[in-house]
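Visitor: Next comes upload.csv, CSV, C-alpha atoms and all ligand atoms:
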chain,number,residue,atom,x,y,z
A,1,MET,CA,-5.0,62.3,-52.7
A,2,THR,CA,-2.6,60.2,-54.6
A,3,SER,CA,-0.4,58.8,-51.8
A,4,LYS,CA,-1.0,55.3,-50.3
A,5,PRO,CA,-4.2,55.1,-48.2
A,6,LEU,CA,-3.7,55.0,-44.4
A,7,PHE,CA,-5.8,51.9,-44.3
A,8,SER,CA,-6.7,49.4,-47.0
A,9,ALA,CA,-9.2,46.5,-46.9
A,10,ILE,CA,-10.3,43.7,-49.2
A,11,ALA,CA,-13.6,42.0,-48.5
A,12,LEU,CA,-13.9,38.4,-49.8
A,13,THR,CA,-17.6,37.9,-50.4
A,14,LEU,CA,-20.2,36.2,-52.5
A,15,PHE,CA,-22.0,39.5,-52.7
A,16,PRO,CA,-19.5,42.1,-53.8
A,17,GLU,CA,-22.4,44.6,-54.5
A,18,MET,CA,-22.8,45.0,-50.8
A,19,PHE,CA,-19.5,47.0,-50.7
A,20,PRO,CA,-18.9,49.8,-49.9
A,21,GLY,CA,-22.7,50.0,-49.2
A,22,PRO,CA,-23.3,52.3,-46.3
A,23,LEU,CA,-19.5,53.0,-46.1
A,24,GLY,CA,-19.9,54.9,-49.4
A,25,GLN,CA,-21.9,57.6,-47.5
A,26,SER,CA,-21.2,60.3,-45.0
A,27,LEU,CA,-17.8,60.5,-43.3
A,28,ALA,CA,-16.5,57.1,-44.3
A,29,GLY,CA,-17.7,57.7,-47.9
A,30,THR,CA,-16.0,61.1,-48.1
A,31,ALA,CA,-12.8,59.6,-46.7
A,32,LEU,CA,-13.0,56.8,-49.3
A,33,GLU,CA,-13.4,59.2,-52.1
A,34,LYS,CA,-10.4,61.2,-50.8
A,35,GLY,CA,-8.3,58.1,-50.7
A,36,ILE,CA,-7.7,58.2,-47.0
A,37,TRP,CA,-8.7,54.6,-47.0
A,38,SER,CA,-9.5,52.0,-49.7
A,39,LEU,CA,-11.9,49.1,-49.9
A,40,LYS,CA,-12.1,46.5,-52.6
A,41,PRO,CA,-14.5,43.6,-52.7
A,42,ILE,CA,-13.4,40.3,-54.3
A,43,ASN,CA,-16.0,37.8,-55.4
A,44,ILE,CA,-15.2,34.4,-54.0
A,45,ARG,CA,-17.2,32.9,-56.9
A,46,ASP,CA,-14.6,34.2,-59.4
A,47,PHE,CA,-12.3,31.4,-58.0
A,48,ALA,CA,-14.7,28.5,-58.6
A,49,THR,CA,-13.3,26.0,-61.0
A,50,ASP,CA,-16.3,24.1,-62.4
A,51,LYS,CA,-18.7,25.3,-65.1
A,52,HIS,CA,-21.5,25.9,-62.5
A,53,ALA,CA,-19.2,28.1,-60.5
A,54,THR,CA,-19.8,26.0,-57.4
A,55,VAL,CA,-18.5,27.4,-54.1
A,56,ASP,CA,-20.1,25.2,-51.5
A,57,ASP,CA,-20.7,21.6,-50.8
A,58,LYS,CA,-22.5,19.4,-48.3
A,59,PRO,CA,-21.0,19.1,-44.8
A,60,TYR,CA,-19.0,16.0,-43.9
A,61,GLY,CA,-20.7,14.2,-41.1
A,62,GLY,CA,-24.1,15.2,-42.3
A,63,GLY,CA,-26.5,18.0,-41.1
A,64,THR,CA,-28.3,20.8,-42.8
A,65,GLY,CA,-26.9,23.6,-44.9
A,66,MET,CA,-23.8,24.0,-47.1
A,67,VAL,CA,-20.2,24.7,-46.3
A,68,ILE,CA,-17.9,27.0,-48.5
A,69,LYS,CA,-15.1,25.0,-50.0
A,70,PRO,CA,-11.6,25.4,-48.7
A,71,ASP,CA,-9.8,25.4,-52.1
A,72,ILE,CA,-12.0,28.2,-53.5
A,73,VAL,CA,-11.5,30.3,-50.4
A,74,ASP,CA,-7.8,29.7,-50.5
A,75,SER,CA,-7.5,30.9,-54.0
A,76,ALA,CA,-9.5,34.1,-53.1
A,77,VAL,CA,-7.3,34.7,-50.0
A,78,GLU,CA,-4.1,34.2,-52.0
A,79,ALA,CA,-5.3,36.7,-54.7
A,80,ALA,CA,-6.1,39.2,-51.9
A,81,LYS,CA,-2.7,38.7,-50.2
A,82,ALA,CA,-1.0,39.4,-53.5
A,83,GLN,CA,-2.7,42.8,-53.6
A,84,LEU,CA,-2.3,43.5,-49.9
A,85,PRO,CA,0.9,41.9,-48.7
A,86,GLY,CA,1.2,41.7,-44.9
A,87,ALA,CA,-2.5,42.2,-44.3
A,88,GLN,CA,-4.2,40.6,-41.4
A,89,VAL,CA,-6.7,38.0,-42.5
A,90,ILE,CA,-10.0,38.0,-40.6
A,91,TYR,CA,-12.9,35.6,-40.8
A,92,THR,CA,-16.2,37.1,-39.6
A,93,SER,CA,-17.7,34.4,-37.3
A,94,PRO,CA,-20.1,34.1,-34.4
A,95,ARG,CA,-17.4,32.0,-32.7
A,96,GLY,CA,-14.8,34.7,-33.0
A,97,LYS,CA,-13.3,37.2,-30.7
A,98,PRO,CA,-15.9,39.8,-29.8
A,99,LEU,CA,-15.4,43.0,-31.7
A,100,THR,CA,-14.6,45.6,-29.0
A,101,GLN,CA,-13.1,49.1,-29.2
A,102,PRO,CA,-9.6,47.9,-28.0
A,103,LEU,CA,-9.7,45.3,-30.9
A,104,VAL,CA,-10.7,48.0,-33.3
A,105,GLU,CA,-7.9,50.2,-32.1
A,106,THR,CA,-5.3,47.5,-33.1
A,107,LEU,CA,-7.0,46.5,-36.4
A,108,LYS,CA,-7.1,50.0,-37.7
A,109,ASN,CA,-3.3,50.0,-37.8
A,110,LYS,CA,-3.2,47.1,-40.3
A,111,ASP,CA,-4.5,46.4,-43.7
A,112,LEU,CA,-7.3,43.9,-43.6
A,113,ILE,CA,-8.5,41.0,-45.7
A,114,ILE,CA,-12.0,40.1,-44.4
A,115,LEU,CA,-13.6,36.8,-45.4
A,116,CYS,CA,-17.4,37.0,-45.2
A,117,GLY,CA,-19.0,33.6,-44.6
A,118,ARG,CA,-22.4,32.5,-45.9
A,119,PHE,CA,-24.5,29.4,-45.5
A,120,GLU,CA,-23.2,27.3,-42.6
A,121,GLY,CA,-19.8,28.9,-42.8
A,122,VAL,CA,-16.4,28.0,-44.3
A,123,ASP,CA,-14.4,24.7,-44.2
A,124,HIS,CA,-12.3,24.9,-41.0
A,125,ARG,CA,-9.0,23.9,-42.6
A,126,VAL,CA,-8.8,27.1,-44.7
A,127,ILE,CA,-9.3,29.2,-41.5
A,128,GLU,CA,-6.4,27.4,-39.9
A,129,HIS,CA,-4.2,27.4,-42.9
A,130,HIS,CA,-4.3,31.2,-43.2
A,131,GLU,CA,-4.2,31.7,-39.4
A,132,MET,CA,-7.3,33.8,-39.7
A,133,LEU,CA,-8.4,35.9,-36.8
A,134,GLU,CA,-12.0,35.1,-36.2
A,135,VAL,CA,-14.0,38.2,-35.2
A,136,SER,CA,-17.6,38.2,-34.0
A,137,LEU,CA,-20.0,41.2,-34.1
A,138,GLY,CA,-21.9,39.8,-31.1
A,139,ASP,CA,-23.8,36.9,-29.7
A,140,PHE,CA,-26.3,36.5,-32.4
A,141,VAL,CA,-26.3,34.9,-35.9
A,142,LEU,CA,-26.3,36.9,-39.1
A,143,SER,CA,-27.1,35.4,-42.4
A,144,GLY,CA,-23.7,36.4,-43.7
A,145,GLY,CA,-20.4,38.1,-42.7
A,146,GLU,CA,-20.9,41.2,-44.9
A,147,ILE,CA,-22.7,43.3,-42.3
A,148,ALA,CA,-20.1,42.3,-39.7
A,149,ALA,CA,-17.3,43.3,-42.1
A,150,LEU,CA,-18.9,46.7,-42.8
A,151,ALA,CA,-19.4,47.3,-39.0
A,152,LEU,CA,-15.8,46.4,-38.3
A,153,LEU,CA,-14.5,48.6,-41.2
A,154,ASP,CA,-16.7,51.6,-40.1
A,155,ALA,CA,-15.4,51.3,-36.5
A,156,CYS,CA,-11.8,51.4,-37.9
A,157,VAL,CA,-12.2,54.1,-40.5
A,158,ARG,CA,-13.8,56.7,-38.2
A,159,LEU,CA,-10.6,56.5,-36.1
A,160,LEU,CA,-8.3,57.5,-39.0
A,161,PRO,CA,-6.9,61.0,-38.9
A,162,GLY,CA,-8.9,63.4,-41.0
A,163,VAL,CA,-12.1,61.3,-41.1
A,164,ILE,CA,-14.1,62.8,-38.3
A,165,GLY,CA,-12.0,65.9,-37.5
A,166,ARG,CA,-11.8,67.2,-41.0
A,167,GLY,CA,-9.2,69.6,-39.7
A,168,GLN,CA,-11.5,71.4,-37.4
A,169,ALA,CA,-10.0,72.1,-34.0
A,170,GLY,CA,-11.8,70.3,-31.2
A,171,LYS,CA,-13.7,67.9,-33.5
A,172,GLU,CA,-11.4,64.9,-32.8
A,173,ASP,CA,-12.3,65.2,-29.1
A,174,ALA,CA,-15.6,63.7,-30.3
A,175,VAL,CA,-13.8,60.4,-30.9
A,176,ILE,CA,-11.8,60.6,-27.7
A,177,GLU,CA,-14.8,61.2,-25.4
A,178,GLU,CA,-16.9,58.4,-26.7
A,179,SER,CA,-18.3,55.3,-25.0
A,180,PHE,CA,-15.7,52.5,-24.8
A,181,THR,CA,-12.7,54.8,-25.5
A,182,GLN,CA,-10.0,53.9,-23.0
A,183,THR,CA,-8.0,57.1,-23.2
A,184,SER,CA,-10.1,59.6,-21.3
A,185,GLU,CA,-11.6,60.1,-17.9
A,186,TYR,CA,-14.6,58.3,-19.3
A,187,ALA,CA,-12.5,55.1,-19.8
A,188,GLY,CA,-14.7,52.0,-19.5
A,189,LEU,CA,-17.9,54.1,-19.2
A,190,LEU,CA,-20.9,54.5,-21.4
A,191,GLU,CA,-21.5,58.0,-22.7
A,192,TYR,CA,-23.4,60.7,-20.8
A,193,PRO,CA,-26.7,62.0,-22.4
A,194,HIS,CA,-26.6,64.7,-25.0
A,195,TYR,CA,-29.0,67.7,-25.6
A,196,THR,CA,-29.3,70.4,-28.1
A,197,ARG,CA,-31.7,73.2,-29.0
A,198,PRO,CA,-34.6,73.8,-28.2
A,199,SER,CA,-33.9,74.0,-24.5
A,200,PHE,CA,-37.6,73.3,-23.7
A,201,TRP,CA,-39.3,70.6,-25.8
A,202,LYS,CA,-42.5,68.6,-25.2
A,203,GLY,CA,-42.5,69.7,-21.6
A,204,MET,CA,-38.9,68.6,-21.0
A,205,SER,CA,-36.1,71.0,-20.1
A,206,VAL,CA,-32.4,70.5,-20.7
A,207,PRO,CA,-30.6,70.0,-17.4
A,208,ASP,CA,-29.8,73.5,-15.9
A,209,ILE,CA,-26.2,72.7,-15.4
A,210,LEU,CA,-25.6,72.5,-19.2
A,211,LEU,CA,-26.9,76.1,-19.6
A,212,SER,CA,-24.7,77.4,-16.8
A,213,GLY,CA,-21.5,77.9,-18.8
A,214,ASN,CA,-19.6,76.4,-15.8
A,215,HIS,CA,-17.3,74.0,-17.6
A,216,GLU,CA,-15.9,72.4,-14.5
A,217,GLN,CA,-19.3,71.6,-13.1
A,218,ILE,CA,-20.5,70.4,-16.5
A,219,LYS,CA,-17.6,68.0,-16.7
A,220,THR,CA,-18.4,66.7,-13.2
A,221,TRP,CA,-22.1,66.3,-14.0
A,222,ARG,CA,-21.3,64.4,-17.2
A,223,LEU,CA,-18.9,62.0,-15.5
A,224,GLU,CA,-21.5,61.4,-12.8
A,225,GLN,CA,-24.1,60.7,-15.5
A,226,ALA,CA,-21.8,58.4,-17.4
A,227,ARG,CA,-21.1,56.5,-14.2
A,228,LYS,CA,-24.8,56.2,-13.3
A,229,ILE,CA,-25.8,55.0,-16.7
A,230,THR,CA,-23.0,52.4,-16.8
A,231,GLN,CA,-23.9,51.1,-13.4
A,232,ALA,CA,-27.5,50.7,-14.4
A,233,ARG,CA,-27.2,49.4,-17.9
A,234,ARG,CA,-23.9,47.5,-17.9
A,235,PRO,CA,-23.0,46.0,-14.6
A,236,ASP,CA,-20.3,44.0,-16.4
A,237,MET,CA,-18.5,47.2,-17.4
A,238,TRP,CA,-19.1,48.9,-14.1
A,239,THR,CA,-17.4,46.0,-12.2
A,240,LYS,CA,-14.3,46.6,-14.3
A,241,VAL,CA,-14.4,50.4,-13.7
A,242,VAL,CA,-14.6,49.8,-9.9
A,243,ASP,CA,-11.8,47.1,-10.0
A,244,THR,CA,-9.4,49.4,-11.9
A,245,LYS,CA,-10.1,52.4,-9.6
A,246,GLU,CA,-9.2,50.4,-6.5
B,301,LIG,N1,-23.3,28.0,-38.7
B,301,LIG,C1,-22.8,29.1,-38.1
B,301,LIG,C2,-23.6,30.4,-38.5
B,301,LIG,C3,-23.4,30.7,-40.0
B,301,LIG,S1,-24.1,32.2,-40.4
B,301,LIG,C4,-23.0,29.0,-36.6
B,301,LIG,O1,-24.0,28.5,-36.1
B,301,LIG,O2,-22.1,29.5,-35.8
B,301,LIG,C5,-23.2,32.5,-42.0
B,301,LIG,C6,-22.1,33.5,-41.9
B,301,LIG,O3,-22.5,34.7,-41.3
B,301,LIG,C7,-20.9,33.0,-41.0
B,301,LIG,O4,-20.1,32.1,-41.7
B,301,LIG,C8,-20.2,34.3,-40.6
B,301,LIG,O5,-19.3,34.7,-41.6
B,301,LIG,C9,-21.4,35.3,-40.6
B,301,LIG,N2,-21.8,35.6,-39.3
B,301,LIG,C10,-23.0,35.2,-38.7
B,301,LIG,N3,-23.1,35.7,-37.4
B,301,LIG,C11,-22.0,36.5,-37.2
B,301,LIG,C12,-21.6,37.2,-36.1
B,301,LIG,N4,-22.2,37.3,-35.0
B,301,LIG,N5,-20.4,37.9,-36.3
B,301,LIG,C13,-19.7,37.8,-37.4
B,301,LIG,N6,-20.1,37.1,-38.5
B,301,LIG,C14,-21.2,36.4,-38.4
Could you write out this structure as structure tokens?
Ligand code: SAH
Guide:
Amino acid sequence: MTSKPLFSAIALTLFPEMFPGPLGQSLAGTALEKGIWSLKPINIRDFATDKHATVDDKPYGGGTGMVIKPDIVDSAVEAAKAQLPGAQVIYTSPRGKPLTQPLVETLKNKDLIILCGRFEGVDHRVIEHHEMLEVSLGDFVLSGGEIAALALLDACVRLLPGVIGRGQAGKEDAVIEESFTQTSEYAGLLEYPHYTRPSFWKGMSVPDILLSGNHEQIKTWRLEQARKITQARRPDMWTKVVDTKE
């Protein structure tokens, strides 16, 4: 494909070898090869100005660890912006907005410049200066932003047309029916359980209903399962489902 990719991303990182990493495999990897999307890592260290290529310094106010310098990050962001004008700049951060499916749905429509932190993080001024959107992978601390960036990109890329469907009728339903998708009768619910052949395995049978061929009843059963599993595992999500149905 020679036309412009549907989605382009630049990762600003001290470890450019981590990209595309797992996104070079499977569906995302095929789509990357086809030019449906593009991903380029930029090494933050390339913008260091001293002979030791220093990118970090001690935190003002004391404390452990090192902080990535604002001037170095700024130069890297400016270089990325020159390559992807109009892109949304994201900083991966445990203090950020939690990465959710609705957020992914909006981010996939933009080009992204993703700053991956390391050490204690990045000088706050450069985050403010570039009005970065801080995004968190969850309430835990990673050693760097690269895995968060890869997770965010994977979630975006699989939604692009032609990535999962590959032109096969019905395949794109796989995306629509999934957990967290807001556009189906399963909106706000976790997914129902899946089964495949063999129908009898280690003493366990596949639920009879799935072998019945009755699509209406199967649909009802699946919805029921999705509701049960959400209620049991994610009371926080279940409360919202109940609230919106009322
Ligand atoms: N001092 C920070 C943690 C720094 S971890 C704190 O206590 O909040 C180093 C880098 O890893 C961060 O700058 C960030 O880019 C990345 N990171 C860590 N946890 C993350 C998470 N949950 N989501 C997204 N990025 C994360």
Visitor: Hey, which bits of chain A sit within 10 Å of ligand LIG 301 (chain B), and for each residue what's the closest pair of atoms and how far apart in Å (one decimal), counting only C-alpha atoms and all ligand atoms, rows by chain and increasing number, as CSV?
Guide:
residue,atom,partner,partner_atom,distance
A:Thr13,CA,B:LIG301,O5,9.5
A:Thr64,CA,B:LIG301,N1,9.7
A:Gly65,CA,B:LIG301,N1,8.4
A:Met66,CA,B:LIG301,N1,9.3
A:Val67,CA,B:LIG301,O4,8.7
A:Ile68,CA,B:LIG301,O4,8.8
A:Ile90,CA,B:LIG301,O5,9.9
A:Tyr91,CA,B:LIG301,O5,6.5
A:Thr92,CA,B:LIG301,N6,4.1
A:Ser93,CA,B:LIG301,N6,3.8
A:Pro94,CA,B:LIG301,C12,3.8
A:Arg95,CA,B:LIG301,O2,6.2
A:Gly96,CA,B:LIG301,N5,7.2
A:Lys97,CA,B:LIG301,N5,9.1
A:Pro98,CA,B:LIG301,N5,8.1
A:Leu99,CA,B:LIG301,N5,8.5
A:Ile114,CA,B:LIG301,O5,9.5
A:Leu115,CA,B:LIG301,O5,7.2
A:Cys116,CA,B:LIG301,O5,4.7
A:Gly117,CA,B:LIG301,O5,3.2
A:Arg118,CA,B:LIG301,C5,4.0
A:Phe119,CA,B:LIG301,C5,4.9
A:Glu120,CA,B:LIG301,N1,4.0
A:Gly121,CA,B:LIG301,O4,3.4
A:Val122,CA,B:LIG301,O4,6.1
A:Asp123,CA,B:LIG301,O4,9.7
A:Glu134,CA,B:LIG301,C13,8.2
A:Val135,CA,B:LIG301,C13,6.1
A:Ser136,CA,B:LIG301,N5,3.6
A:Leu137,CA,B:LIG301,N5,4.0
A:Gly138,CA,B:LIG301,N4,4.6
A:Asp139,CA,B:LIG301,N4,5.6
A:Phe140,CA,B:LIG301,N4,4.9
A:Val141,CA,B:LIG301,N3,3.6
A:Leu142,CA,B:LIG301,C10,3.7
A:Ser143,CA,B:LIG301,O3,4.8
A:Gly144,CA,B:LIG301,O3,3.2
A:Gly145,CA,B:LIG301,C9,3.6
A:Glu146,CA,B:LIG301,C9,7.3
A:Ile147,CA,B:LIG301,N6,7.7
A:Ala148,CA,B:LIG301,C13,5.1
A:Ala149,CA,B:LIG301,C13,7.6
A:Ala151,CA,B:LIG301,C13,9.6
A:Leu152,CA,B:LIG301,C13,9.5
Visitor: Which one is closest to Glu128 (chain A): A:Phe200, A:Lys58, A:Asn43, A:Val89? Count only C-alpha atoms.
Guide: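 The shortest atom-to-atom distance to Glu128 (chain A) comes from A:Val89.
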Visitor: Quick one: pull the distance between CA of Ser38 (chain A) and CA of Glu177 (chain A), Å, one decimal.
Guide: 26.5 Å
Visitor: Here is a test: counting only C-alpha atoms, which residue of A:Gly203, A:Gly188, A:Gly21, A:Pro198 is nearest to Lys245 (chain A)?
Guide: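 Residue with the minimum atom-to-atom distance to Lys245 (chain A): A:Gly188.
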Visitor: For a quick check of your reading of the model, name the residues lying within 12 Å of the coordinate (-10.6, 50.6, -32.4), counting all atoms listed in the file, and write them as a PyMOL selection string.
Guide: chain A and resi 99-110+151-160+175-176+178-183
Visitor: Which one is closest to Arg45 (chain A): A:Ser8, A:Gln25, A:Thr244, A:Ser75? Count all atoms listed in the file.
Guide: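 With all atoms listed in the file as the atom set, the closest residue is A:Ser75.
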Visitor: As an exercise, work out the distance from CA of Arg227 (chain A) to CA of Glu246 (chain A) in Å and give it to one decimal place.
Guide: 15.4 Å
Visitor: Please indicate the distance in Å from CA of Ile10 (chain A) to CA of Ile113 (chain A), rounded to one decimal place.
Guide: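 Between CA of Ile10 (chain A) and CA of Ile113 (chain A) the gap is 4.8 Å.
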Visitor: So which residues touch Glu33 (chain A) within 9 Å, counting only C-alpha atoms, skipping near sequence neighbours fewer than 4 positions away, as a ChimeraX atom specification?
Guide: /A:1,24,28-29,37-38
